[in-house]
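> The file below is upload38.csv, CSV, C-alpha atoms:
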```
chain,number,residue,atom,x,y,z
A,1,MET,CA,-41.3,201.0,51.5
A,2,PHE,CA,-38.7,202.6,49.3
A,3,ARG,CA,-35.5,204.0,51.0
A,4,SER,CA,-34.4,207.4,50.0
A,5,ARG,CA,-31.2,207.8,48.0
A,6,ARG,CA,-29.6,209.6,50.9
A,7,SER,CA,-30.2,206.7,53.2
A,8,GLY,CA,-28.8,204.3,50.7
A,9,LEU,CA,-25.6,206.4,50.4
A,10,VAL,CA,-25.3,206.5,54.2
A,11,ARG,CA,-25.6,202.7,54.4
A,12,ARG,CA,-23.0,202.2,51.6
A,13,LEU,CA,-20.6,204.4,53.6
A,14,TRP,CA,-21.1,202.5,56.8
A,15,ARG,CA,-20.5,199.2,55.0
A,16,ALA,CA,-17.3,200.6,53.5
A,17,ARG,CA,-15.8,201.5,56.9
A,18,VAL,CA,-12.3,200.0,57.7
A,19,ARG,CA,-12.3,197.3,60.3
A,20,ARG,CA,-9.6,197.3,62.9
A,21,SER,CA,-8.5,193.9,61.8
A,22,ASP,CA,-8.0,195.2,58.2
A,23,GLY,CA,-4.4,196.0,57.3
A,24,GLU,CA,-2.9,197.4,54.2
A,25,GLY,CA,-0.2,195.3,52.7
A,26,GLU,CA,3.4,196.4,53.3
A,27,ASP,CA,6.6,194.9,52.1
A,28,GLU,CA,10.0,194.9,53.8
A,29,SER,CA,8.5,195.7,57.2
A,30,SER,CA,11.9,195.8,59.0
A,31,GLY,CA,14.7,198.3,58.5
A,32,SER,CA,15.7,201.8,59.0
A,33,GLY,CA,13.0,204.4,58.8
A,34,SER,CA,10.2,202.1,59.6
A,35,GLU,CA,9.0,204.2,62.5
A,36,VAL,CA,5.7,206.0,62.0
A,37,ALA,CA,3.7,208.4,64.1
A,38,ALA,CA,2.7,206.5,67.2
A,39,SER,CA,-0.9,206.3,68.1
A,40,ASP,CA,-2.1,207.5,71.5
A,41,THR,CA,-3.4,204.2,72.8
A,42,SER,CA,-4.4,205.8,76.1
A,43,SER,CA,-7.5,207.2,74.5
A,44,ALA,CA,-10.3,204.7,74.6
A,45,LYS,CA,-11.7,204.0,71.1
A,46,PRO,CA,-15.0,202.3,70.3
A,47,SER,CA,-15.0,198.9,68.7
A,48,ASP,CA,-16.2,198.4,65.1
A,49,ASP,CA,-19.6,197.2,66.1
A,50,ASP,CA,-20.2,199.8,68.9
A,51,PRO,CA,-23.8,200.8,68.5
A,52,GLU,CA,-23.1,204.3,69.7
A,53,LEU,CA,-20.4,204.7,67.0
A,54,LYS,CA,-22.9,203.6,64.4
A,55,SER,CA,-25.6,205.9,65.7
A,56,VAL,CA,-23.2,208.9,65.8
A,57,THR,CA,-21.9,208.1,62.3
A,58,PHE,CA,-25.4,207.9,60.8
A,59,SER,CA,-26.3,211.2,62.6
A,60,VAL,CA,-23.2,212.9,61.1
A,61,LEU,CA,-23.7,211.6,57.6
A,62,LYS,CA,-27.4,212.4,57.5
A,63,ARG,CA,-26.5,216.1,58.1
A,64,LEU,CA,-24.6,216.1,54.8
A,65,LYS,CA,-26.3,217.1,51.5
A,66,GLU,CA,-26.8,214.4,48.9
A,67,ARG,CA,-24.1,215.8,46.7
A,68,GLN,CA,-21.6,215.7,49.6
A,69,LEU,CA,-22.6,212.1,50.3
A,70,GLU,CA,-22.0,211.3,46.7
A,71,LEU,CA,-18.5,212.8,46.8
A,72,LEU,CA,-17.7,210.9,50.0
A,73,VAL,CA,-18.9,207.6,48.5
A,74,GLN,CA,-16.8,208.3,45.4
A,75,ALA,CA,-13.7,209.0,47.5
A,76,VAL,CA,-14.2,206.0,49.8
A,77,GLU,CA,-15.1,203.4,47.3
A,78,SER,CA,-12.3,204.3,44.9
A,79,ARG,CA,-9.8,204.5,47.9
A,80,GLY,CA,-8.7,207.9,46.7
A,81,GLY,CA,-8.2,206.8,43.1
A,82,VAL,CA,-10.8,209.2,41.9
A,83,GLU,CA,-10.2,212.9,42.6
A,84,SER,CA,-13.1,214.2,44.6
A,85,GLY,CA,-14.0,217.6,46.1
A,86,CYS,CA,-14.1,218.8,49.7
A,87,VAL,CA,-16.9,217.6,52.0
A,88,HIS,CA,-17.5,220.4,54.5
A,89,PHE,CA,-19.0,219.7,57.9
A,90,PRO,CA,-19.6,222.1,60.8
A,91,ARG,CA,-16.4,222.4,62.9
A,92,PRO,CA,-17.7,221.6,66.5
A,93,ASP,CA,-16.4,218.2,67.7
A,94,VAL,CA,-18.7,215.1,67.7
A,95,ARG,CA,-19.3,213.4,71.0
A,96,ILE,CA,-19.0,209.6,71.2
A,97,GLY,CA,-19.7,208.4,74.7
A,98,ARG,CA,-17.4,210.2,77.1
A,99,ARG,CA,-15.0,211.4,74.4
A,100,THR,CA,-15.2,214.0,71.7
A,101,VAL,CA,-13.6,213.8,68.3
A,102,ALA,CA,-13.2,216.3,65.5
A,103,PRO,CA,-15.4,215.5,62.5
A,104,HIS,CA,-12.5,215.0,60.1
A,105,VAL,CA,-10.7,212.8,62.6
A,106,LEU,CA,-13.9,210.6,62.8
A,107,THR,CA,-14.1,210.2,59.0
A,108,CYS,CA,-10.4,209.3,58.8
A,109,GLN,CA,-10.9,206.7,61.6
A,110,LEU,CA,-13.9,205.2,59.9
A,111,TRP,CA,-12.5,204.9,56.4
A,112,ARG,CA,-8.7,205.0,56.6
A,113,TRP,CA,-7.0,204.7,60.0
A,114,PRO,CA,-9.1,203.2,62.9
A,115,GLU,CA,-6.1,203.7,65.3
A,116,LEU,CA,-6.0,207.5,64.6
A,117,THR,CA,-6.6,209.6,67.7
A,118,GLN,CA,-5.3,213.2,67.3
A,119,PRO,CA,-5.7,215.9,64.6
A,120,HIS,CA,-2.0,216.7,64.7
A,121,GLN,CA,-1.2,213.3,63.2
A,122,LEU,CA,-2.9,214.5,60.0
A,123,LYS,CA,-1.8,216.7,57.2
A,124,ASN,CA,-3.9,218.3,54.5
A,125,LEU,CA,-3.1,217.4,50.9
A,126,VAL,CA,-2.6,220.2,48.4
A,127,CYS,CA,-5.9,219.2,46.7
A,128,CYS,CA,-7.9,220.2,49.7
A,129,GLN,CA,-9.3,223.7,50.1
A,130,SER,CA,-8.1,223.8,53.7
A,131,TYR,CA,-4.5,223.2,52.6
A,132,GLY,CA,-2.2,225.9,53.9
A,133,LEU,CA,-4.7,227.5,56.2
A,134,GLN,CA,-3.9,228.3,59.8
A,135,ASP,CA,-6.2,227.2,62.6
A,136,THR,CA,-7.7,230.7,62.9
A,137,GLU,CA,-8.4,230.8,59.2
A,138,TYR,CA,-10.5,227.6,58.8
A,139,GLY,CA,-13.9,229.2,59.3
A,140,PRO,CA,-17.0,227.4,60.7
A,141,THR,CA,-16.6,224.2,58.6
A,142,VAL,CA,-13.9,221.6,58.1
A,143,CYS,CA,-13.2,219.2,55.2
A,144,CYS,CA,-14.2,215.7,56.1
A,145,ASN,CA,-13.0,213.9,52.9
A,146,PRO,CA,-10.7,211.3,54.4
A,147,TYR,CA,-8.7,211.2,51.2
A,148,HIS,CA,-7.8,214.9,51.5
A,149,TYR,CA,-5.6,213.9,54.4
A,150,THR,CA,-2.4,212.0,55.0
A,151,ARG,CA,-0.8,210.6,58.1
A,152,LEU,CA,2.5,212.1,59.1
A,153,CYS,CA,5.5,209.9,59.5
A,154,GLY,CA,7.0,210.2,63.0
A,155,PRO,CA,10.4,211.6,63.9
A,156,GLU,CA,13.5,209.6,63.2
A,157,SER,CA,14.5,207.1,65.9
A,158,PRO,CA,18.0,207.2,67.3
A,159,PRO,CA,20.7,206.1,64.8
A,160,PRO,CA,20.8,202.3,64.5
A,161,PRO,CA,23.8,200.3,65.8
A,162,TYR,CA,25.6,200.4,62.4
A,163,SER,CA,25.8,204.2,62.5
A,164,ARG,CA,29.4,205.6,62.4
A,165,TYR,CA,28.8,208.2,65.1
A,166,PRO,CA,27.3,208.1,68.5
A,167,LEU,CA,24.0,210.0,69.2
A,168,GLU,CA,25.7,212.7,71.3
A,169,ARG,CA,27.9,213.7,68.4
A,170,LEU,CA,24.9,213.9,66.0
A,171,ARG,CA,23.2,216.3,68.4
A,172,SER,CA,26.1,218.8,68.3
A,173,ASP,CA,25.7,222.4,67.1
A,174,THR,CA,24.0,222.6,63.7
A,175,THR,CA,26.7,224.9,62.4
A,176,GLU,CA,29.1,221.9,62.5
A,177,GLU,CA,26.7,219.6,60.5
A,178,SER,CA,27.6,218.4,57.1
A,179,VAL,CA,26.1,215.9,54.7
A,180,SER,CA,27.1,212.9,52.7
A,181,SER,CA,24.6,211.0,50.7
A,182,SER,CA,24.9,207.7,48.9
A,183,THR,CA,22.8,206.4,46.0
A,184,GLU,CA,24.0,202.8,46.4
A,185,THR,CA,25.7,202.1,49.6
A,186,GLY,CA,26.5,203.7,52.9
A,187,ALA,CA,30.2,203.3,52.2
A,188,SER,CA,30.6,205.5,49.2
A,189,PRO,CA,28.4,208.3,47.9
A,190,THR,CA,27.6,206.8,44.5
A,191,LEU,CA,28.8,204.0,42.2
A,192,TYR,CA,26.4,204.2,39.4
A,193,PRO,CA,26.5,206.8,36.5
A,194,PRO,CA,25.7,210.4,37.3
A,195,PRO,CA,22.1,211.6,37.0
A,196,PRO,CA,20.8,211.9,33.4
A,197,SER,CA,21.1,215.3,31.8
A,198,THR,CA,18.1,217.6,31.7
A,199,SER,CA,18.9,217.9,28.0
A,200,ASP,CA,16.4,215.0,27.7
A,201,LEU,CA,13.8,217.7,28.1
A,202,SER,CA,14.7,219.5,24.9
A,203,ASP,CA,12.0,217.8,22.8
A,204,LEU,CA,9.2,219.6,24.9
A,205,PRO,CA,7.1,222.1,23.1
A,206,GLY,CA,8.5,225.7,23.1
A,207,GLU,CA,5.9,227.1,25.4
A,208,ALA,CA,6.6,224.4,28.0
A,209,ARG,CA,10.4,225.0,27.8
A,210,LYS,CA,9.8,228.6,28.7
A,211,ARG,CA,8.3,227.7,32.0
A,212,SER,CA,10.6,226.6,34.7
A,213,HIS,CA,10.2,223.0,35.9
A,214,TRP,CA,10.9,222.5,39.6
A,215,CYS,CA,12.0,218.8,39.2
A,216,SER,CA,12.5,216.0,36.7
A,217,ILE,CA,11.7,212.4,37.3
A,218,ALA,CA,13.6,209.4,36.0
A,219,TYR,CA,12.2,205.9,36.2
A,220,TRP,CA,14.5,202.9,36.7
A,221,GLU,CA,14.1,199.1,36.7
A,222,HIS,CA,17.2,197.7,38.4
A,223,ARG,CA,20.1,199.4,36.5
A,224,THR,CA,18.1,200.2,33.4
A,225,ARG,CA,16.7,203.6,32.9
A,226,VAL,CA,13.2,203.3,31.3
A,227,GLY,CA,11.8,206.1,29.2
A,228,ARG,CA,12.8,209.8,29.2
A,229,LEU,CA,12.9,212.3,31.9
A,230,PHE,CA,9.5,213.6,33.0
A,231,ALA,CA,9.5,217.3,33.7
A,232,VAL,CA,7.2,218.6,36.4
A,233,TYR,CA,5.8,222.2,36.2
A,234,ASP,CA,2.7,222.0,38.4
A,235,THR,CA,3.0,222.2,42.2
A,236,SER,CA,2.1,218.5,42.5
A,237,VAL,CA,2.4,215.4,40.4
A,238,ASN,CA,1.1,211.8,40.5
A,239,ILE,CA,3.5,208.9,39.8
A,240,PHE,CA,1.5,205.8,39.3
A,241,PHE,CA,1.2,202.4,37.5
A,242,GLU,CA,-2.6,202.6,37.1
A,243,LEU,CA,-5.0,205.3,38.3
A,244,PRO,CA,-8.8,205.3,37.5
A,245,HIS,CA,-8.9,209.0,36.8
A,246,GLY,CA,-6.1,211.6,37.0
A,247,ASP,CA,-3.0,212.6,35.2
A,248,GLY,CA,0.8,212.6,35.9
A,249,PHE,CA,3.7,210.2,35.2
A,250,CYS,CA,2.2,206.8,34.2
A,251,LEU,CA,4.9,204.1,34.7
A,252,GLY,CA,2.6,201.5,33.3
A,253,LEU,CA,3.2,203.0,29.8
A,254,LEU,CA,6.9,202.5,30.1
A,255,THR,CA,8.6,199.1,29.4
A,256,SER,CA,12.1,197.8,29.0
A,257,SER,CA,13.9,194.4,28.7
A,258,GLU,CA,13.9,194.3,32.5
A,259,SER,CA,10.1,194.7,32.6
A,260,GLN,CA,9.7,191.1,31.5
A,261,SER,CA,11.4,189.7,34.6
A,262,ASP,CA,9.1,188.1,37.2
A,263,ASN,CA,10.6,190.3,40.0
A,264,VAL,CA,9.9,193.5,38.1
A,265,MET,CA,6.5,192.5,36.9
A,266,ARG,CA,5.4,191.6,40.5
A,267,THR,CA,6.7,195.0,41.8
A,268,ARG,CA,5.1,197.0,39.0
A,269,LYS,CA,1.7,195.6,39.9
A,270,LYS,CA,2.3,196.7,43.5
A,271,ILE,CA,2.9,200.4,42.5
A,272,GLY,CA,-0.9,200.8,41.9
A,273,TYR,CA,-1.9,204.4,42.7
A,274,GLY,CA,1.8,205.1,43.4
A,275,LEU,CA,2.7,208.4,45.1
A,276,THR,CA,2.2,212.1,44.9
A,277,LEU,CA,5.0,214.6,45.0
A,278,SER,CA,4.2,218.2,46.0
A,279,LYS,CA,6.3,221.3,46.1
A,280,GLU,CA,5.3,223.2,49.2
A,281,PRO,CA,6.7,226.3,51.0
A,282,ASP,CA,8.8,224.2,53.4
A,283,GLY,CA,10.1,221.7,50.9
A,284,VAL,CA,9.1,218.7,48.8
A,285,TRP,CA,6.6,216.1,50.2
A,286,ALA,CA,5.9,212.6,49.1
A,287,TYR,CA,2.5,211.0,49.8
A,288,ASN,CA,2.2,207.2,49.5
A,289,ARG,CA,-1.1,206.5,47.7
A,290,SER,CA,-0.3,202.8,47.0
A,291,GLY,CA,-1.2,199.8,49.1
A,292,HIS,CA,2.5,199.0,49.8
A,293,ALA,CA,5.3,200.8,51.5
A,294,ILE,CA,7.7,203.0,49.6
A,295,PHE,CA,11.3,203.7,50.6
A,296,VAL,CA,13.1,207.0,50.4
A,297,ASN,CA,16.7,208.2,50.6
A,298,SER,CA,17.3,211.9,50.5
A,299,PRO,CA,20.3,214.2,51.3
A,300,THR,CA,18.2,216.1,53.9
A,301,LEU,CA,17.1,212.9,55.6
A,302,ASP,CA,20.6,211.4,55.9
A,303,ILE,CA,22.6,211.7,59.1
A,304,PRO,CA,24.9,214.7,58.8
A,305,ASN,CA,28.6,214.0,58.8
A,306,SER,CA,28.2,210.3,58.1
A,307,ARG,CA,28.5,207.9,55.3
A,308,THR,CA,25.7,205.7,56.7
A,309,LEU,CA,22.8,205.4,54.3
A,310,ILE,CA,19.4,206.2,55.8
A,311,VAL,CA,16.4,204.8,54.0
A,312,ARG,CA,13.0,205.8,55.4
A,313,LYS,CA,10.0,203.6,55.1
A,314,ILE,CA,6.7,205.3,54.2
A,315,PRO,CA,3.7,203.1,54.9
A,316,PRO,CA,0.5,203.4,52.7
A,317,GLY,CA,-1.4,206.6,53.4
A,318,PHE,CA,1.6,208.3,55.1
A,319,SER,CA,3.6,211.4,54.0
A,320,ILE,CA,7.1,212.6,54.7
A,321,LYS,CA,9.0,215.7,53.7
A,322,ILE,CA,11.6,214.2,51.4
A,323,PHE,CA,13.6,217.4,50.8
A,324,ASP,CA,14.0,220.4,53.0
A,325,TYR,CA,15.2,223.5,51.0
A,326,GLU,CA,16.5,225.3,54.0
A,327,ARG,CA,18.3,222.3,55.5
A,328,SER,CA,19.8,221.5,52.1
A,329,GLU,CA,21.3,225.0,51.8
A,330,MET,CA,22.8,224.8,55.2
A,331,LEU,CA,24.2,221.3,54.6
A,332,GLN,CA,25.8,222.3,51.3
A,333,ARG,CA,27.5,225.3,53.0
A,334,THR,CA,28.9,223.1,55.7
A,335,SER,CA,29.5,219.8,53.9
A,336,ASN,CA,32.7,217.9,54.6
A,337,SER,CA,34.4,217.2,51.3
A,338,ASP,CA,36.6,214.6,52.9
A,339,LEU,CA,33.6,212.3,53.0
A,340,LEU,CA,32.9,212.6,49.3
A,341,ASP,CA,34.9,210.0,47.5
A,342,GLY,CA,32.8,210.0,44.4
A,343,PRO,CA,30.1,211.8,42.4
A,344,TYR,CA,27.5,213.3,44.6
A,345,ASP,CA,24.2,215.1,43.8
A,346,PRO,CA,22.8,217.1,46.8
A,347,ASN,CA,19.5,217.7,45.0
A,348,SER,CA,18.6,214.1,44.1
A,349,VAL,CA,16.1,211.9,45.9
A,350,ARG,CA,15.6,208.2,45.3
A,351,ILE,CA,12.3,206.4,46.0
A,352,SER,CA,11.8,202.6,45.6
A,353,PHE,CA,8.4,201.0,45.3
A,354,ALA,CA,7.7,198.1,47.7
A,355,LYS,CA,11.3,197.1,48.2
A,356,GLY,CA,13.8,198.6,50.6
A,357,TRP,CA,17.6,198.8,50.3
A,358,GLY,CA,20.6,199.7,52.4
A,359,PRO,CA,22.3,198.3,55.5
A,360,SER,CA,19.1,196.8,57.0
A,361,TYR,CA,17.9,195.0,53.9
A,362,SER,CA,19.1,192.2,51.7
A,363,ARG,CA,19.5,194.7,48.8
A,364,GLN,CA,22.5,196.9,49.5
A,365,PHE,CA,22.1,199.0,46.4
A,366,ILE,CA,19.1,200.8,45.0
A,367,THR,CA,20.0,199.4,41.6
A,368,SER,CA,19.0,196.0,43.1
A,369,CYS,CA,15.4,197.3,43.6
A,370,PRO,CA,13.1,196.2,40.8
A,371,CYS,CA,11.2,199.6,40.4
A,372,TRP,CA,12.4,203.0,41.6
A,373,VAL,CA,12.4,206.6,40.6
A,374,GLU,CA,15.0,209.4,40.9
A,375,VAL,CA,13.7,212.9,41.6
A,376,LEU,CA,16.1,215.5,40.2
A,377,LEU,CA,15.3,218.8,41.8
A,378,ASN,CA,15.9,221.8,39.6
A,379,ILE,CA,18.0,223.7,42.1
A,380,ASN,CA,21.2,225.4,40.8
A,381,ARG,CA,21.3,223.0,37.8
```
How would this structure read if it were set down as structure tokens?

Amino acid sequence: MFRSRRSGLVRRLWRARVRRSDGEGEDESSGSGSEVAASDTSSAKPSDDDPELKSVTFSVLKRLKERQLELLVQAVESRGGVESGCVHFPRPDVRIGRRTVAPHVLTCQLWRWPELTQPHQLKNLVCCQSYGLQDTEYGPTVCCNPYHYTRLCGPESPPPPYSRYPLERLRSDTTEESVSSSTETGASPTLYPPPPSTSDLSDLPGEARKRSHWCSIAYWEHRTRVGRLFAVYDTSVNIFFELPHGDGFCLGLLTSSESQSDNVMRTRKKIGYGLTLSKEPDGVWAYNRSGHAIFVNSPTLDIPNSRTLIVRKIPPGFSIKIFDYERSEMLQRTSNSDLLDGPYDPNSVRISFAKGWGPSYSRQFITSCPCWVEVLLNINR
């Protein structure tokens, strides 16, 4: 007896599910900013081989059209490397035993995060048709493409022991907050040359120059700047080493003398699908698409009124708002110039691939990281 194509796609999807024992590789697991959204372990979750879970999954998938199943297979088997469309499913929750789960939470549990329990731990990516919609605007269906979602990083934990100020002082009135950011150490704002000039963008075609870019990206290997600035005009951009399909800033095409070192070569291979930067109404978000953690330092993530460097760790599949426009404006108005004993760029964000730096890591300076990018936001430049 011949199986239908639909049944074959359903079986492929079931075999591709993520097992609870599976883990995505992460480097530098310790250090500041390693906290992520905690799972609600109080909710009972079925095991991988739970026959009821399999029955419910097959029932859900068989309600999808063949084209929707093809999109889902494409997204799951490429691990999000191939851009795929929305997969809409009726909104009512699915019942598994004594518990109910939203359809998009179920698909994210099956193919990305088995420990996921709540919808509020998820965020729509800008590529999803549901992006930006309020709960009352969703309509009768919800997108169930697991690669149209990202996990949110949890709130910052209390300042670590090496912080200069006690927690009580950091919780003082926001009108007294000020900011100090460091590119290299927590002791001084910056020790390496100022950010490259946007004059590097002068060779762009005339039509492109007329449009306003919202940020520029510089790629570094240790202390060596590699390639020219990459200007970003679209609301989102992919930064990657290799990507099956898609466009953006391909770091794999850039090489330097540093690129031949073993350390840099190993780290370049870990970049993989890299990350996605998106300009959204509340600020700039970074979504980690790679299989290894990325590490972020931003003026709006630092502890106000402190020289302590804060580096946040973003695990694979997670997102964080790396720059908050409103907070940045407030911090610049109330900044304490006494803490700035060197050049300081309040609109620059640094992101390192696979390797962390700062007080909690062996690398004290970002220039000790093999591969990193600097995001130069086009604000008052």
> I want to know what sits within 6 Å of stretch 278-286 of chain A, based on all atoms listed in the file, with residues of the same chain fewer than 2 positions away left out; could you give that as a list in words?
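Returned residues: Thr235, Ser236, Thr276, Ser319, Ile320, Lys321, Ile322, Phe323, Asp324 and Tyr325 of chain A.
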> Find the residues around A:Gly246 up to 12 Å (all atoms listed in the file counted), leave out those fewer than 2 positions away in its own chain, and share them as a PDB file with C-alpha atoms, in the coordinates of the input.

```
ATOM      1  CA  GLY A  80      -8.700 207.900  46.700  1.00  0.00           C
ATOM      2  CA  GLY A  81      -8.200 206.800  43.100  1.00  0.00           C
ATOM      3  CA  VAL A  82     -10.800 209.200  41.900  1.00  0.00           C
ATOM      4  CA  GLU A  83     -10.200 212.900  42.600  1.00  0.00           C
ATOM      5  CA  SER A  84     -13.100 214.200  44.600  1.00  0.00           C
ATOM      6  CA  VAL A 237       2.400 215.400  40.400  1.00  0.00           C
ATOM      7  CA  ASN A 238       1.100 211.800  40.500  1.00  0.00           C
ATOM      8  CA  ILE A 239       3.500 208.900  39.800  1.00  0.00           C
ATOM      9  CA  PHE A 240       1.500 205.800  39.300  1.00  0.00           C
ATOM     10  CA  PHE A 241       1.200 202.400  37.500  1.00  0.00           C
ATOM     11  CA  GLU A 242      -2.600 202.600  37.100  1.00  0.00           C
ATOM     12  CA  LEU A 243      -5.000 205.300  38.300  1.00  0.00           C
ATOM     13  CA  PRO A 244      -8.800 205.300  37.500  1.00  0.00           C
ATOM     14  CA  GLY A 248       0.800 212.600  35.900  1.00  0.00           C
ATOM     15  CA  PHE A 249       3.700 210.200  35.200  1.00  0.00           C
ATOM     16  CA  CYS A 250       2.200 206.800  34.200  1.00  0.00           C
ATOM     17  CA  TYR A 273      -1.900 204.400  42.700  1.00  0.00           C
ATOM     18  CA  THR A 276       2.200 212.100  44.900  1.00  0.00           C
TER      19      THR A 276
END
```
> Which residues come within 10 Å of A:Thr141, counting only C-alpha atoms, excluding same-chain residues fewer than 5 positions away, as a VMD selection string?
chain A and resid 87 to 92 103 130
> Hey, can you pull every residue with an atom no more than 12 Å from (-7.6, 207.9, 60.8), using only C-alpha atoms, and send it as a JSON list (two decimals) with C-alpha atoms, in the coordinates of the input?

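In the end it all went to result.json:
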```json
[["chain", "number", "residue", "atom", "x", "y", "z"],
["A", 17, "ARG", "CA", -15.80, 201.50, 56.90],
["A", 18, "VAL", "CA", -12.30, 200.00, 57.70],
["A", 19, "ARG", "CA", -12.30, 197.30, 60.30],
["A", 20, "ARG", "CA", -9.60, 197.30, 62.90],
["A", 37, "ALA", "CA", 3.70, 208.40, 64.10],
["A", 39, "SER", "CA", -0.90, 206.30, 68.10],
["A", 45, "LYS", "CA", -11.70, 204.00, 71.10],
["A", 101, "VAL", "CA", -13.60, 213.80, 68.30],
["A", 102, "ALA", "CA", -13.20, 216.30, 65.50],
["A", 103, "PRO", "CA", -15.40, 215.50, 62.50],
["A", 104, "HIS", "CA", -12.50, 215.00, 60.10],
["A", 105, "VAL", "CA", -10.70, 212.80, 62.60],
["A", 106, "LEU", "CA", -13.90, 210.60, 62.80],
["A", 107, "THR", "CA", -14.10, 210.20, 59.00],
["A", 108, "CYS", "CA", -10.40, 209.30, 58.80],
["A", 109, "GLN", "CA", -10.90, 206.70, 61.60],
["A", 110, "LEU", "CA", -13.90, 205.20, 59.90],
["A", 111, "TRP", "CA", -12.50, 204.90, 56.40],
["A", 112, "ARG", "CA", -8.70, 205.00, 56.60],
["A", 113, "TRP", "CA", -7.00, 204.70, 60.00],
["A", 114, "PRO", "CA", -9.10, 203.20, 62.90],
["A", 115, "GLU", "CA", -6.10, 203.70, 65.30],
["A", 116, "LEU", "CA", -6.00, 207.50, 64.60],
["A", 117, "THR", "CA", -6.60, 209.60, 67.70],
["A", 118, "GLN", "CA", -5.30, 213.20, 67.30],
["A", 119, "PRO", "CA", -5.70, 215.90, 64.60],
["A", 120, "HIS", "CA", -2.00, 216.70, 64.70],
["A", 121, "GLN", "CA", -1.20, 213.30, 63.20],
["A", 122, "LEU", "CA", -2.90, 214.50, 60.00],
["A", 123, "LYS", "CA", -1.80, 216.70, 57.20],
["A", 144, "CYS", "CA", -14.20, 215.70, 56.10],
["A", 145, "ASN", "CA", -13.00, 213.90, 52.90],
["A", 146, "PRO", "CA", -10.70, 211.30, 54.40],
["A", 147, "TYR", "CA", -8.70, 211.20, 51.20],
["A", 148, "HIS", "CA", -7.80, 214.90, 51.50],
["A", 149, "TYR", "CA", -5.60, 213.90, 54.40],
["A", 150, "THR", "CA", -2.40, 212.00, 55.00],
["A", 151, "ARG", "CA", -0.80, 210.60, 58.10],
["A", 152, "LEU", "CA", 2.50, 212.10, 59.10],
["A", 317, "GLY", "CA", -1.40, 206.60, 53.40],
["A", 318, "PHE", "CA", 1.60, 208.30, 55.10]]
```
> Nearest to A:Arg307 among A:Ser259, A:Leu229, A:Gly358, A:Arg268, with distances taken over all atoms listed in the file: which residue is it?
A:Gly358
> So, with only C-alpha atoms as the atoms that count, which of A:Cys143, A:Asp345, A:Pro304, A:Gln260 lies closest to A:Tyr131?
A:Cys143
> Could you tell me how far atom CA of A:Trp14 sits from atom CA of A:Thr57, in Å to one decimal place?
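For atom CA of A:Thr57 relative to atom CA of A:Trp14, the distance reads 7.9 Å.
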> Rounded to one decimal, what separation in Å do you get between atom CA of A:Glu52 and atom CA of A:Arg12?
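So the answer is 18.2 Å.
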> Between atom CA of A:Lys62 and atom CA of A:Val10, measure the distance and give it in Å to one decimal.
7.1 Å
> I need the residue nearest A:Lys355 from this list: A:Leu254, A:His222, A:Arg333, A:Thr100. Use all atoms listed in the file for the distance.
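Among the listed residues, the smallest separation from A:Lys355 belongs to A:His222.
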> Go ahead and find all residues with at least one atom no further than 10 Å from (16.9, 201.9, 45.6) in the file's coordinates, using all atoms listed in the file; report them as a VMD selection string.
chain A and resid 183 to 185 220 to 223 295 to 297 311 350 to 353 355 to 358 363 to 374
